[in-house]
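Structure below is upload11.cif: mmCIF, C-alpha atoms and all ligand atoms.
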data_protein
#
loop_
_atom_site.label_atom_id
_atom_site.label_comp_id
_atom_site.auth_asym_id
_atom_site.auth_seq_id
_atom_site.Cartn_x
_atom_site.Cartn_y
_atom_site.Cartn_z
CA MET A 13 -6.70 1.04 4.91
CA ALA A 14 -9.28 3.76 4.61
CA GLY A 15 -11.36 4.03 7.82
CA PRO A 16 -12.13 7.46 9.20
CA HIS A 17 -9.63 10.26 8.68
CA PRO A 18 -7.48 11.26 11.66
CA VAL A 19 -8.69 14.25 13.65
CA GLY A 20 -6.42 17.09 12.62
CA ASP A 21 -6.61 20.80 11.98
CA PRO A 22 -8.64 22.15 9.08
CA ALA A 23 -6.47 22.56 5.97
CA PRO A 24 -6.43 25.96 4.25
CA LEU A 25 -8.25 26.23 0.90
CA ASP A 26 -5.06 27.39 -0.83
CA GLY A 27 -3.37 24.16 0.36
CA LEU A 28 -0.17 25.98 1.40
CA ILE A 29 1.91 23.97 3.84
CA PRO A 30 3.97 25.25 6.79
CA ALA A 31 7.56 26.33 6.09
CA SER A 32 8.86 23.63 8.47
CA ALA A 33 8.04 21.03 5.77
CA ALA A 34 10.89 22.36 3.63
CA LEU A 35 13.60 21.53 6.21
CA GLY A 36 15.89 18.83 4.81
CA ALA A 37 13.57 18.23 1.84
CA SER A 38 16.39 18.05 -0.70
CA THR A 39 17.79 14.99 1.13
CA ARG A 40 14.49 13.11 1.03
CA ASP A 41 13.00 11.10 -1.84
CA PHE A 42 9.75 12.36 -3.29
CA GLY A 43 7.00 10.03 -4.54
CA VAL A 44 3.55 10.50 -6.00
CA TYR A 45 0.54 8.30 -5.15
CA LEU A 46 -2.52 8.58 -7.41
CA HIS A 47 -5.70 7.15 -5.97
CA VAL A 48 -8.38 5.89 -8.34
CA PRO A 49 -11.51 5.52 -6.19
CA PHE A 50 -13.63 3.23 -8.34
CA CYS A 51 -14.50 -0.48 -8.25
CA LYS A 52 -16.97 -2.52 -10.23
CA VAL A 53 -18.24 -4.13 -7.01
CA ARG A 54 -17.06 -3.79 -3.44
CA CYS A 55 -15.43 -6.89 -1.96
CA GLY A 56 -17.03 -7.75 1.38
CA TYR A 57 -13.80 -7.24 3.39
CA CYS A 58 -12.64 -3.97 1.86
CA ASP A 59 -12.92 -0.58 3.51
CA PHE A 60 -10.66 1.33 1.13
CA ASN A 61 -11.96 4.65 -0.16
CA THR A 62 -13.61 3.29 -3.26
CA TYR A 63 -17.05 3.65 -4.86
CA THR A 64 -19.17 1.56 -7.20
CA ALA A 65 -21.13 3.23 -10.01
CA THR A 66 -24.28 3.59 -7.88
CA GLU A 67 -22.40 5.34 -5.06
CA LEU A 68 -20.91 8.09 -7.17
CA ARG A 69 -23.62 10.79 -6.73
CA GLY A 70 -23.49 11.76 -10.37
CA VAL A 71 -19.69 11.90 -10.65
CA LYS A 72 -18.43 10.44 -13.91
CA GLN A 73 -15.42 8.13 -13.83
CA SER A 74 -14.53 9.47 -17.26
CA ASP A 75 -13.98 12.96 -15.76
CA TYR A 76 -11.64 11.76 -13.05
CA ALA A 77 -8.28 11.84 -14.87
CA SER A 78 -8.70 15.55 -15.71
CA GLN A 79 -9.42 16.34 -12.05
CA ALA A 80 -6.40 14.37 -10.88
CA VAL A 81 -4.24 16.21 -13.43
CA LEU A 82 -5.46 19.53 -11.97
CA GLU A 83 -4.42 18.38 -8.51
CA VAL A 84 -0.98 17.30 -9.79
CA GLU A 85 -0.48 20.75 -11.30
CA SER A 86 -1.67 22.53 -8.17
CA ALA A 87 0.57 20.31 -6.02
CA ALA A 88 3.69 21.59 -7.76
CA ARG A 89 2.50 25.21 -7.33
CA ILE A 90 1.73 24.66 -3.65
CA LEU A 91 5.14 23.13 -2.97
CA ALA A 92 6.88 26.02 -4.77
CA GLU A 93 4.82 28.69 -2.97
CA SER A 94 5.43 26.95 0.36
CA GLY A 95 9.18 27.08 -0.26
CA VAL A 96 9.64 23.29 -0.56
CA PRO A 97 12.37 22.52 -3.13
CA ALA A 98 11.13 20.87 -6.31
CA ARG A 99 12.18 17.26 -6.71
CA PRO A 100 11.41 14.79 -9.49
CA ALA A 101 9.38 11.76 -8.45
CA ALA A 102 11.49 8.70 -7.59
CA THR A 103 8.37 6.52 -7.52
CA VAL A 104 4.81 6.84 -8.82
CA PHE A 105 2.08 4.49 -7.62
CA PHE A 106 -1.49 4.20 -8.93
CA GLY A 107 -3.64 2.54 -6.29
CA GLY A 108 -7.28 2.07 -5.59
CA GLY A 109 -9.91 1.19 -5.82
CA THR A 110 -9.21 -0.26 -9.21
CA PRO A 111 -7.00 2.07 -11.28
CA THR A 112 -7.37 -0.27 -14.26
CA LEU A 113 -11.14 0.31 -14.38
CA LEU A 114 -10.16 3.51 -16.21
CA PRO A 115 -9.03 3.26 -19.84
CA ALA A 116 -5.24 2.94 -20.08
CA ASP A 117 -4.94 6.35 -21.73
CA HIS A 118 -6.45 7.98 -18.62
CA LEU A 119 -3.70 6.48 -16.45
CA VAL A 120 -1.18 7.57 -19.06
CA ARG A 121 -2.52 11.17 -18.98
CA MET A 122 -2.11 11.26 -15.22
CA LEU A 123 1.41 9.86 -15.46
CA HIS A 124 2.34 12.43 -18.13
CA ALA A 125 1.04 15.16 -15.84
CA VAL A 126 3.39 13.94 -13.10
CA ARG A 127 6.27 13.86 -15.57
CA ASP A 128 5.50 17.32 -17.01
CA THR A 129 4.96 18.91 -13.61
CA PHE A 130 7.48 17.34 -11.24
CA GLY A 131 9.71 15.36 -13.57
CA ILE A 132 10.43 11.67 -12.97
CA VAL A 133 13.91 10.44 -12.09
CA PRO A 134 15.53 8.11 -14.63
CA GLY A 135 14.87 4.50 -13.63
CA ALA A 136 11.93 5.48 -11.41
CA GLU A 137 9.55 2.76 -10.26
CA ILE A 138 6.08 3.35 -11.74
CA THR A 139 3.42 0.90 -10.55
CA THR A 140 -0.25 0.36 -10.97
CA GLU A 141 -2.47 -1.94 -8.99
CA ALA A 142 -4.82 -4.02 -11.11
CA ASN A 143 -7.57 -6.54 -10.59
CA PRO A 144 -6.90 -9.68 -12.64
CA ASP A 145 -10.14 -9.27 -14.56
CA SER A 146 -9.54 -5.63 -15.48
CA VAL A 147 -6.63 -5.78 -17.95
CA ASP A 148 -5.58 -7.43 -21.19
CA LEU A 149 -2.33 -7.54 -23.16
CA ALA A 150 -3.06 -4.39 -25.20
CA TYR A 151 -3.84 -2.48 -21.98
CA LEU A 152 -0.61 -3.57 -20.30
CA ARG A 153 1.43 -2.78 -23.42
CA GLN A 154 0.02 0.73 -23.44
CA LEU A 155 1.07 1.22 -19.83
CA LYS A 156 4.57 -0.07 -20.52
CA GLN A 157 4.97 2.21 -23.53
CA ALA A 158 4.03 5.19 -21.39
CA GLY A 159 6.72 4.34 -18.83
CA PHE A 160 5.02 2.09 -16.28
CA THR A 161 7.51 -0.44 -14.92
CA ARG A 162 5.43 -2.62 -12.64
CA VAL A 163 1.95 -4.03 -12.08
CA SER A 164 0.57 -5.38 -8.82
CA PHE A 165 -2.29 -7.84 -9.26
CA GLY A 166 -4.83 -8.53 -6.52
CA MET A 167 -4.72 -12.32 -6.73
CA GLN A 168 -5.70 -12.89 -3.05
CA SER A 169 -6.17 -16.66 -3.34
CA ALA A 170 -6.10 -19.49 -5.89
CA VAL A 171 -8.98 -21.34 -4.22
CA PRO A 172 -12.44 -20.64 -5.67
CA ARG A 173 -14.19 -21.14 -2.32
CA VAL A 174 -11.88 -18.62 -0.61
CA LEU A 175 -12.26 -16.13 -3.46
CA ALA A 176 -16.04 -16.51 -3.15
CA THR A 177 -15.95 -15.76 0.59
CA LEU A 178 -13.87 -12.67 -0.21
CA GLU A 179 -16.42 -11.81 -2.92
CA ARG A 180 -13.71 -11.44 -5.54
CA THR A 181 -15.00 -11.24 -9.08
CA HIS A 182 -12.10 -12.90 -10.88
CA ASP A 183 -11.65 -16.52 -11.91
CA PRO A 184 -8.37 -17.88 -10.44
CA GLU A 185 -7.44 -19.14 -13.90
CA ARG A 186 -7.21 -15.54 -15.01
CA VAL A 187 -4.09 -14.90 -12.89
CA PRO A 188 -1.56 -16.92 -14.96
CA LEU A 189 -2.94 -15.26 -18.08
CA VAL A 190 -2.53 -11.68 -16.85
CA VAL A 191 0.89 -12.44 -15.38
CA ALA A 192 2.02 -13.81 -18.75
CA TRP A 193 0.65 -10.71 -20.49
CA ALA A 194 2.39 -8.40 -18.05
CA ARG A 195 5.67 -10.20 -18.68
CA GLU A 196 5.13 -10.07 -22.43
CA ALA A 197 4.53 -6.35 -22.12
CA GLY A 198 7.82 -6.03 -20.18
CA LEU A 199 6.39 -5.14 -16.76
CA ASP A 200 7.61 -6.38 -13.39
CA VAL A 201 4.91 -8.32 -11.56
CA SER A 202 3.77 -8.35 -7.97
CA LEU A 203 0.97 -10.51 -6.58
CA ASP A 204 -1.13 -9.65 -3.52
CA LEU A 205 -2.37 -12.53 -1.39
CA ILE A 206 -4.67 -12.58 1.63
CA TYR A 207 -4.56 -15.29 4.29
CA GLY A 208 -6.89 -16.04 7.16
CA THR A 209 -10.15 -15.82 5.24
CA PRO A 210 -12.98 -17.50 7.15
CA GLY A 211 -13.08 -21.17 6.16
CA GLU A 212 -9.59 -21.13 4.65
CA THR A 213 -7.56 -24.18 5.61
CA ILE A 214 -3.80 -24.47 5.75
CA GLU A 215 -4.03 -26.65 2.59
CA ASP A 216 -5.95 -23.89 0.82
CA TRP A 217 -3.27 -21.41 1.79
CA ARG A 218 -0.50 -23.74 0.65
CA ALA A 219 -2.27 -24.09 -2.71
CA SER A 220 -2.52 -20.31 -3.06
CA LEU A 221 1.12 -19.79 -2.15
CA ASP A 222 2.21 -22.49 -4.59
CA ALA A 223 0.03 -21.05 -7.34
CA ALA A 224 1.47 -17.57 -6.74
CA ILE A 225 5.07 -18.82 -6.62
CA GLY A 226 4.41 -20.91 -9.73
CA GLN A 227 3.85 -17.66 -11.63
CA GLN A 228 7.38 -16.55 -10.67
CA PRO A 229 6.39 -12.97 -9.86
CA ASP A 230 9.11 -10.52 -8.86
CA HIS A 231 7.33 -9.64 -5.65
CA ILE A 232 4.66 -11.06 -3.37
CA SER A 233 2.67 -9.34 -0.64
CA ALA A 234 0.79 -11.55 1.81
CA TYR A 235 -1.64 -9.77 4.11
CA SER A 236 -3.50 -11.27 7.00
CA LEU A 237 -7.19 -10.54 6.44
CA ILE A 238 -8.19 -7.56 8.58
CA VAL A 239 -11.83 -7.52 9.57
CA GLU A 240 -12.61 -3.83 9.22
CA ASP A 241 -15.53 -2.32 11.16
CA GLY A 242 -18.48 -1.46 8.99
CA THR A 243 -17.72 -3.98 6.24
CA LYS A 244 -20.06 -6.72 5.11
CA LEU A 245 -17.46 -9.24 6.32
CA ALA A 246 -17.58 -7.79 9.84
CA ARG A 247 -21.38 -8.13 9.83
CA GLN A 248 -21.19 -11.72 8.59
CA ILE A 249 -18.77 -12.58 11.39
CA ARG A 250 -20.85 -10.78 14.01
CA ARG A 251 -23.95 -12.72 12.92
CA GLY A 252 -22.01 -15.98 13.15
CA GLU A 253 -22.32 -16.68 9.41
CA LEU A 254 -18.53 -16.75 9.04
CA VAL A 255 -15.87 -17.69 11.56
CA GLN A 256 -12.51 -15.99 11.69
CA PRO A 257 -9.39 -18.14 11.99
CA ASP A 258 -7.85 -17.87 15.43
CA GLU A 259 -4.48 -16.26 16.14
CA ASP A 260 -2.61 -19.58 16.20
CA LEU A 261 -3.85 -20.51 12.75
CA GLN A 262 -2.97 -17.02 11.47
CA ALA A 263 0.56 -17.52 12.80
CA ASP A 264 0.71 -20.92 11.05
CA PHE A 265 -0.35 -19.26 7.80
CA TYR A 266 2.39 -16.65 8.16
CA GLU A 267 5.08 -19.19 8.98
CA LEU A 268 4.07 -21.34 6.03
CA ALA A 269 4.20 -18.30 3.75
CA ASP A 270 7.65 -17.31 4.92
CA ALA A 271 9.02 -20.85 4.61
CA ARG A 272 7.53 -21.48 1.15
CA LEU A 273 8.58 -18.07 -0.14
CA ALA A 274 12.11 -18.40 1.22
CA GLU A 275 12.45 -21.85 -0.39
CA ALA A 276 11.38 -20.35 -3.69
CA GLY A 277 13.96 -17.56 -3.44
CA TYR A 278 11.79 -14.72 -2.08
CA GLY A 279 13.29 -12.84 0.84
CA TRP A 280 11.19 -10.81 3.25
CA TYR A 281 11.93 -7.10 3.42
CA GLU A 282 8.87 -5.93 5.33
CA VAL A 283 6.60 -7.97 7.57
CA SER A 284 4.07 -8.57 4.75
CA ASN A 285 6.34 -8.27 1.71
CA TRP A 286 8.80 -10.56 -0.06
CA SER A 287 10.82 -10.06 -3.24
CA ARG A 288 13.21 -11.86 -5.54
CA GLY A 289 16.37 -9.92 -4.80
CA THR A 290 16.62 -6.45 -3.34
CA GLU A 291 16.08 -4.84 -6.73
CA HIS A 292 12.46 -6.01 -6.75
CA ARG A 293 11.49 -4.51 -3.41
CA SER A 294 8.70 -1.95 -3.75
CA ARG A 295 10.61 1.31 -3.60
CA HIS A 296 7.35 3.23 -3.29
CA ASN A 297 6.23 1.36 -0.21
CA LEU A 298 9.74 1.54 1.25
CA SER A 299 9.57 5.31 0.93
CA TYR A 300 6.44 5.29 3.15
CA TRP A 301 8.18 3.14 5.75
CA ARG A 302 11.22 5.38 5.66
CA SER A 303 9.09 8.51 6.15
CA ALA A 304 10.08 10.04 2.81
CA ASP A 305 7.92 12.73 1.19
CA TRP A 306 4.96 11.89 -1.01
CA TRP A 307 2.01 13.67 -2.48
CA GLY A 308 -1.23 11.69 -2.57
CA ILE A 309 -3.53 12.72 -5.41
CA GLY A 310 -7.26 11.97 -5.39
CA PRO A 311 -10.21 11.54 -3.03
CA GLY A 312 -9.18 10.49 0.47
CA ALA A 313 -5.49 10.37 -0.47
CA HIS A 314 -2.96 11.11 2.26
CA SER A 315 0.22 13.15 1.76
CA HIS A 316 3.33 13.65 3.83
CA VAL A 317 6.02 16.27 3.40
CA GLY A 318 8.61 16.88 6.09
CA GLY A 319 6.45 16.01 9.08
CA VAL A 320 3.31 17.70 7.73
CA ARG A 321 0.58 15.23 6.90
CA TRP A 322 -2.73 15.99 5.22
CA TRP A 323 -5.65 14.09 3.72
CA ASN A 324 -8.14 14.90 1.01
CA VAL A 325 -11.93 14.96 1.16
CA LYS A 326 -13.13 11.41 0.72
CA HIS A 327 -16.01 11.39 -1.71
CA PRO A 328 -15.23 11.82 -5.42
CA ALA A 329 -18.10 14.35 -5.67
CA ALA A 330 -16.65 16.53 -2.88
CA TYR A 331 -13.23 16.15 -4.46
CA ALA A 332 -14.50 17.23 -7.89
CA ASP A 333 -16.23 20.26 -6.31
CA ARG A 334 -13.04 21.41 -4.60
CA ILE A 335 -10.80 20.83 -7.62
CA LEU A 336 -13.17 22.47 -10.11
CA ALA A 337 -13.53 25.51 -7.81
CA GLY A 338 -9.74 25.88 -7.86
CA HIS A 339 -9.42 24.95 -4.17
CA SER A 340 -7.16 22.47 -2.46
CA PRO A 341 -8.97 19.15 -1.85
CA ALA A 342 -7.23 18.81 1.53
CA ALA A 343 -9.79 18.26 4.32
CA GLY A 344 -7.48 18.26 7.31
CA ARG A 345 -3.88 18.14 8.30
CA GLU A 346 -1.48 17.85 11.18
CA THR A 347 2.09 18.90 11.81
CA LEU A 348 3.79 16.09 13.65
CA ASP A 349 5.78 17.10 16.70
CA GLU A 350 9.20 15.59 17.33
CA ALA A 351 7.85 12.94 19.71
CA THR A 352 5.22 11.74 17.22
CA ARG A 353 7.75 11.67 14.37
CA GLU A 354 10.03 9.57 16.54
CA THR A 355 7.20 7.16 17.42
CA GLU A 356 6.35 6.77 13.74
CA ARG A 357 9.98 6.24 12.82
CA VAL A 358 10.28 3.35 15.28
CA LEU A 359 6.88 1.95 14.27
CA LEU A 360 7.69 1.92 10.57
CA LEU A 361 11.39 1.03 10.55
CA THR A 362 11.01 -1.85 12.98
CA ARG A 363 8.77 -3.65 10.48
CA ILE A 364 11.31 -3.56 7.65
CA ARG A 365 14.25 -5.90 7.33
CA GLU A 366 16.92 -3.23 7.51
CA GLY A 367 15.55 -2.45 10.95
CA ILE A 368 16.49 0.38 13.24
CA PRO A 369 19.84 1.35 14.82
CA VAL A 370 19.86 0.70 18.56
CA ALA A 371 21.73 3.97 19.08
CA THR A 372 18.74 5.95 17.75
CA LEU A 373 16.34 4.53 20.37
CA SER A 374 15.43 6.27 23.59
CA ALA A 375 17.30 5.17 26.74
CA LEU A 376 14.21 3.19 27.82
CA GLY A 377 13.89 1.60 24.40
CA ARG A 378 17.55 0.55 24.53
CA ARG A 379 16.91 -1.04 27.92
CA GLU A 380 14.37 -3.40 26.27
CA VAL A 381 16.91 -4.82 23.83
CA ALA A 382 18.27 -7.58 26.10
CA GLY A 383 14.73 -8.76 26.91
CA LEU A 384 13.75 -8.76 23.24
CA ILE A 385 16.80 -10.90 22.45
CA ALA A 386 15.96 -13.28 25.32
CA ASP A 387 12.38 -13.58 24.00
CA GLU A 388 13.82 -14.33 20.54
CA LEU A 389 11.89 -11.45 19.02
CA ILE A 390 14.94 -9.70 17.58
CA ASP A 391 18.08 -11.10 16.03
CA ALA A 392 20.78 -11.39 18.71
CA ARG A 393 23.77 -10.99 16.42
CA ALA A 394 22.28 -7.92 14.68
CA ALA A 395 21.33 -6.36 18.03
CA ILE A 396 24.83 -6.88 19.43
CA GLY A 397 26.09 -5.28 16.21
CA GLY A 398 23.86 -2.29 16.96
CA ASN A 399 20.73 -2.91 14.90
CA ILE A 400 17.22 -4.07 15.74
CA GLU A 401 16.07 -6.70 13.23
CA LEU A 402 12.99 -8.85 13.75
CA THR A 403 13.22 -12.64 13.92
CA LEU A 404 10.41 -14.73 12.43
CA THR A 405 8.70 -14.76 15.85
CA GLY A 406 9.33 -11.02 16.07
CA ARG A 407 7.60 -10.50 12.74
CA LEU A 408 4.56 -12.36 14.09
CA LEU A 409 4.58 -10.11 17.13
CA ALA A 410 5.87 -6.93 15.47
CA ASP A 411 3.33 -4.67 17.20
CA ALA A 412 4.40 -5.95 20.62
CA VAL A 413 8.08 -5.39 19.75
CA VAL A 414 7.30 -1.81 18.71
CA ARG A 415 5.40 -1.21 21.95
CA ARG A 416 8.40 -2.38 23.97
CA LEU A 417 10.85 -0.25 21.97
CA LEU A 418 8.64 2.75 22.60
CA THR A 419 8.33 2.14 26.34
CA ASP A 420 8.41 5.39 28.28
C1 LIG B 501 -7.08 -1.77 -1.98
S1 LIG B 501 -6.59 -3.13 -2.89
C2 LIG B 501 -6.45 -2.40 -4.45
C3 LIG B 501 -6.10 -3.33 -5.56
C4 LIG B 501 -7.22 -3.97 -6.29
N1 LIG B 501 -8.43 -3.28 -6.24
C5 LIG B 501 -7.46 -5.36 -5.79
O1 LIG B 501 -8.28 -5.53 -4.92
O2 LIG B 501 -6.82 -6.24 -6.31
C6 LIG B 501 -4.92 -3.46 -2.42
C7 LIG B 501 -4.72 -4.71 -1.63
O3 LIG B 501 -5.12 -4.51 -0.31
C8 LIG B 501 -5.39 -5.77 0.28
N2 LIG B 501 -6.54 -5.59 1.18
C9 LIG B 501 -7.65 -4.84 1.00
N3 LIG B 501 -8.46 -4.94 2.07
C10 LIG B 501 -7.86 -5.79 2.95
C11 LIG B 501 -8.21 -6.30 4.25
N4 LIG B 501 -9.36 -5.97 4.86
N5 LIG B 501 -7.34 -7.14 4.86
C12 LIG B 501 -6.16 -7.48 4.26
N6 LIG B 501 -5.81 -7.04 3.03
C13 LIG B 501 -6.63 -6.19 2.39
C14 LIG B 501 -5.69 -6.73 -0.85
O4 LIG B 501 -4.72 -7.76 -0.86
C15 LIG B 501 -5.55 -5.88 -2.09
O5 LIG B 501 -4.92 -6.58 -3.13
S1 LIG B 502 -11.42 -4.64 -5.87
FE1 LIG B 502 -9.76 -4.02 -4.44
S2 LIG B 502 -10.22 -1.90 -3.87
FE2 LIG B 502 -12.05 -2.73 -4.91
S3 LIG B 502 -13.33 -3.38 -3.23
FE3 LIG B 502 -12.10 -5.17 -3.84
S4 LIG B 502 -10.22 -5.10 -2.54
FE4 LIG B 502 -11.25 -3.11 -2.38
#

In structure tokens, write the structure found in this file.
Ligand SMILES: C[S@@+](CC[C@H](N)C(=O)[O-])C[C@H]1O[C@@H](n2cnc3c(N)ncnc32)[C@H](O)[C@@H]1O
Ligand code: SF4
Amino acid sequence: MAGPHPVGDPAPLDGLIPASAALGASTRDFGVYLHVPFCKVRCGYCDFNTYTATELRGVKQSDYASQAVLEVESAARILAESGVPARPAATVFFGGGTPTLLPADHLVRMLHAVRDTFGIVPGAEITTEANPDSVDLAYLRQLKQAGFTRVSFGMQSAVPRVLATLERTHDPERVPLVVAWAREAGLDVSLDLIYGTPGETIEDWRASLDAAIGQQPDHISAYSLIVEDGTKLARQIRRGELVQPDEDLQADFYELADARLAEAGYGWYEVSNWSRGTEHRSRHNLSYWRSADWWGIGPGAHSHVGGVRWWNVKHPAAYADRILAGHSPAAGRETLDEATRETERVLLLTRIREGIPVATLSALGRREVAGLIADELIDARAAIGGNIELTLTGRLLADAVVRRLLTD
């Protein structure tokens, strides 16, 4: 989610990162995230860093790819000058906003820049997000030819009334079409769903799950709708125009999703993510959860290398100014101390299926294990075997489990 940036230290204009980031770098995967901060219209629930044409303060979408390419090139220089060993990208992810609002050849130029600058490991996962109404077969074929392996469509729901509340622009009938085109082009397919939209019933959600499963995607993400401050949705709820589903109904939605997806052969591997077989897990997202290194290109993008985290200026106009002046677009950064890195490790690993070894927890965290088993929040057999793995109830209460594991 976008929201305000964290409060950190100012980042230097040359973008150089502290030498500590290099420690152990050669043992960590490296990924590249490219943010495309444009949408045709803003959905009422969304607070991602994205801008419609009227919000761009004179910035042209058509200039964006060249600016992103400049940042890719400067990123490689900055890593080299900071003493961080060069590594080819194991994953590349184009996210938004709506990356597919740009012509396919713009995405291809950005991908080529990553390949020419960092290199891309053979068999790398290369994904773009796409809105169902923003691509056609020719577009997807062009991406595949350039090396993309995967497309993630924002389906959200199959129910017109729910899509209307979310202010989505696409017709639900478009989803089977784009999925078929993606398959024809040779791309893996992921579908994003949202549950808990005001007015959504359990039958609506079942229909959306069945419609998504019916497309036989390789991967499905199901997110509970977050009501972000400052969004139109938050205002509608505050004014009483829309009513949010309560926590019990949200839990019912989640349980239904997990049951339906499991029946259809999709296994969970992170609280909100399911795939057909381990080979279809999102390696890019797994690298975030495993605290690997990644460089985030574009306005508002976040990066992380060896415990140093930074974030770019948010507006595309400010970004263009920095890039065209030859400066780093980083607005702020922080170097995580050991305690914070440990907290993040527990927070992120607990939410994925492979879990977290009990032996790596603090003494106080280890003392919580018996209680977590008794409360049926973690799997007893796995815990006795030395690993924390969430049960279904634990997934519903993952934040509470994390809090207990981090007790101090
Ligand atoms: C930022 S969008 C980008 C992809 C594309 N623009 C789209 O909307 O399909 C990525 C995903 O984040 C999810 N998302 C965005 N805002 C959300 C919110 N407030 N609550 C839950 N999920 C959200 C949606 O499922 C969406 O598909
Ligand atoms: S299309 Fe995607 S990124 Fe754009 S406003 Fe809607 S949810 Fe946000």

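Take CA of Pro22 (chain A) and CA of Val81 (chain A): the distance between them is 23.7 Å.
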
Have a look at A:Leu273, A:Leu376, A:Val187, A:Val48 and name the one nearest to Trp286 (chain A); count all atoms listed in the file.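 Of the candidates, the smallest distance to Trp286 (chain A) is held by A:Leu273.
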
So which residues are near ligand LIG 501 (chain B), meaning at most 6 Å away with all atoms listed in the file counted, given back as a list in words? Tyr57, Cys58, Phe60, Gly107, Gly108, Gly109, Thr110, Glu141, Ala142, Asn143, Phe165, Gly166, Gln168, Asp204, Leu205, Ile206, Tyr235, Ser236, Leu237, Ile238, Val239 and Glu240 of chain A

With all atoms of ligand LIG 502 (chain B) from the file as input, state the centre and edge lengths in Å to one decimal of the axis-aligned box that has 6 Å extra on each side, as JSON.
{"center_x": -11.5, "center_y": -3.5, "center_z": -4.1, "size_x": 15.6, "size_y": 15.3, "size_z": 15.5}

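The interatomic distance for the pair CA of Val133 (chain A) and CA of Ser38 (chain A) works out to 13.9 Å.
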
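All polymer residues at most 7 Å from (5.5, 10.0, -5.8), using only C-alpha atoms, appear as Phe42, Gly43, Val44, Tyr45, Ala101, Ala102, Thr103, Val104, Phe105, Trp306 and Trp307 of chain A.
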
When distances are computed from all atoms listed in the file, which of A:Leu178, A:Ile385, A:Ala410, A:Ala371 shows the smallest separation from ligand LIG 502 (chain B)?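 That would be A:Leu178, the residue with the smallest distance to ligand LIG 502 (chain B).
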
What is the CA of Leu361 (chain A) to CA of Glu137 (chain A) distance in Å?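 Going from CA of Leu361 (chain A) over to CA of Glu137 (chain A) covers 21.0 Å.
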
Excluding same-chain residues fewer than 2 positions from Gly406 (chain A), what lies within 9 Å of it counting all atoms listed in the file, as number ranges by chain? A: 384, 387-391, 401-404, 408-413

Just want the 12 Å neighbourhood of Asn285 (chain A), counted on only C-alpha atoms, with same-chain residues fewer than 4 positions away dropped. Output as a ChimeraX atom specification. /A:202-206,230-236,266,269-270,273-274,278-281,290,292-295,297-298,363-365,407

Point (-19.6, 1.0, -8.3), cut-off 8 Å, counting only C-alpha atoms, residues as an mmCIF file with C-alpha atoms, in the frame of the given file:
data_model
loop_
_atom_site.group_PDB
_atom_site.id
_atom_site.type_symbol
_atom_site.label_atom_id
_atom_site.label_comp_id
_atom_site.auth_asym_id
_atom_site.auth_seq_id
_atom_site.Cartn_x
_atom_site.Cartn_y
_atom_site.Cartn_z
ATOM 1 C CA PHE A 50 -13.630 3.230 -8.340
ATOM 2 C CA CYS A 51 -14.500 -0.480 -8.250
ATOM 3 C CA LYS A 52 -16.970 -2.520 -10.230
ATOM 4 C CA VAL A 53 -18.240 -4.130 -7.010
ATOM 5 C CA ARG A 54 -17.060 -3.790 -3.440
ATOM 6 C CA TYR A 63 -17.050 3.650 -4.860
ATOM 7 C CA THR A 64 -19.170 1.560 -7.200
ATOM 8 C CA ALA A 65 -21.130 3.230 -10.010
ATOM 9 C CA THR A 66 -24.280 3.590 -7.880
ATOM 10 C CA GLU A 67 -22.400 5.340 -5.060
ATOM 11 C CA LEU A 68 -20.910 8.090 -7.170
#

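Using only C-alpha atoms for every distance, the candidate list A:Leu46, A:Ala197, A:Ala382, A:Val126 yields A:Leu46 as the residue closest to Thr140 (chain A).
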
List the spatial neighbours of Asp349 (chain A) as a PyMOL selection string - criterion: any atom at most 10 Å away, only C-alpha atoms, same-chain residues fewer than 5 positions off excluded. chain A and resi 319-320+354

Could you list, as number ranges by chain, every residue within 7 Å of region 144-160 of chain A, counting only C-alpha atoms and ignoring same-chain residues fewer than 5 positions away? A: 112-113, 116, 120, 138-139, 165-167, 182, 186-187, 190, 193-194, 197-199

Find the spatial neighbours of Arg127 (chain A), counting all atoms listed in the file, within a cut-off of 10 Å - ignore same-chain residues fewer than 3 positions away - and output them as number ranges by chain. A: 84, 100-101, 104, 121-124, 130-133

Judged by all atoms listed in the file, the minimum distance to ligand LIG 502 (chain B) among A:Asp222, A:Asp59, A:Asp305, A:Glu366 is found for A:Asp59
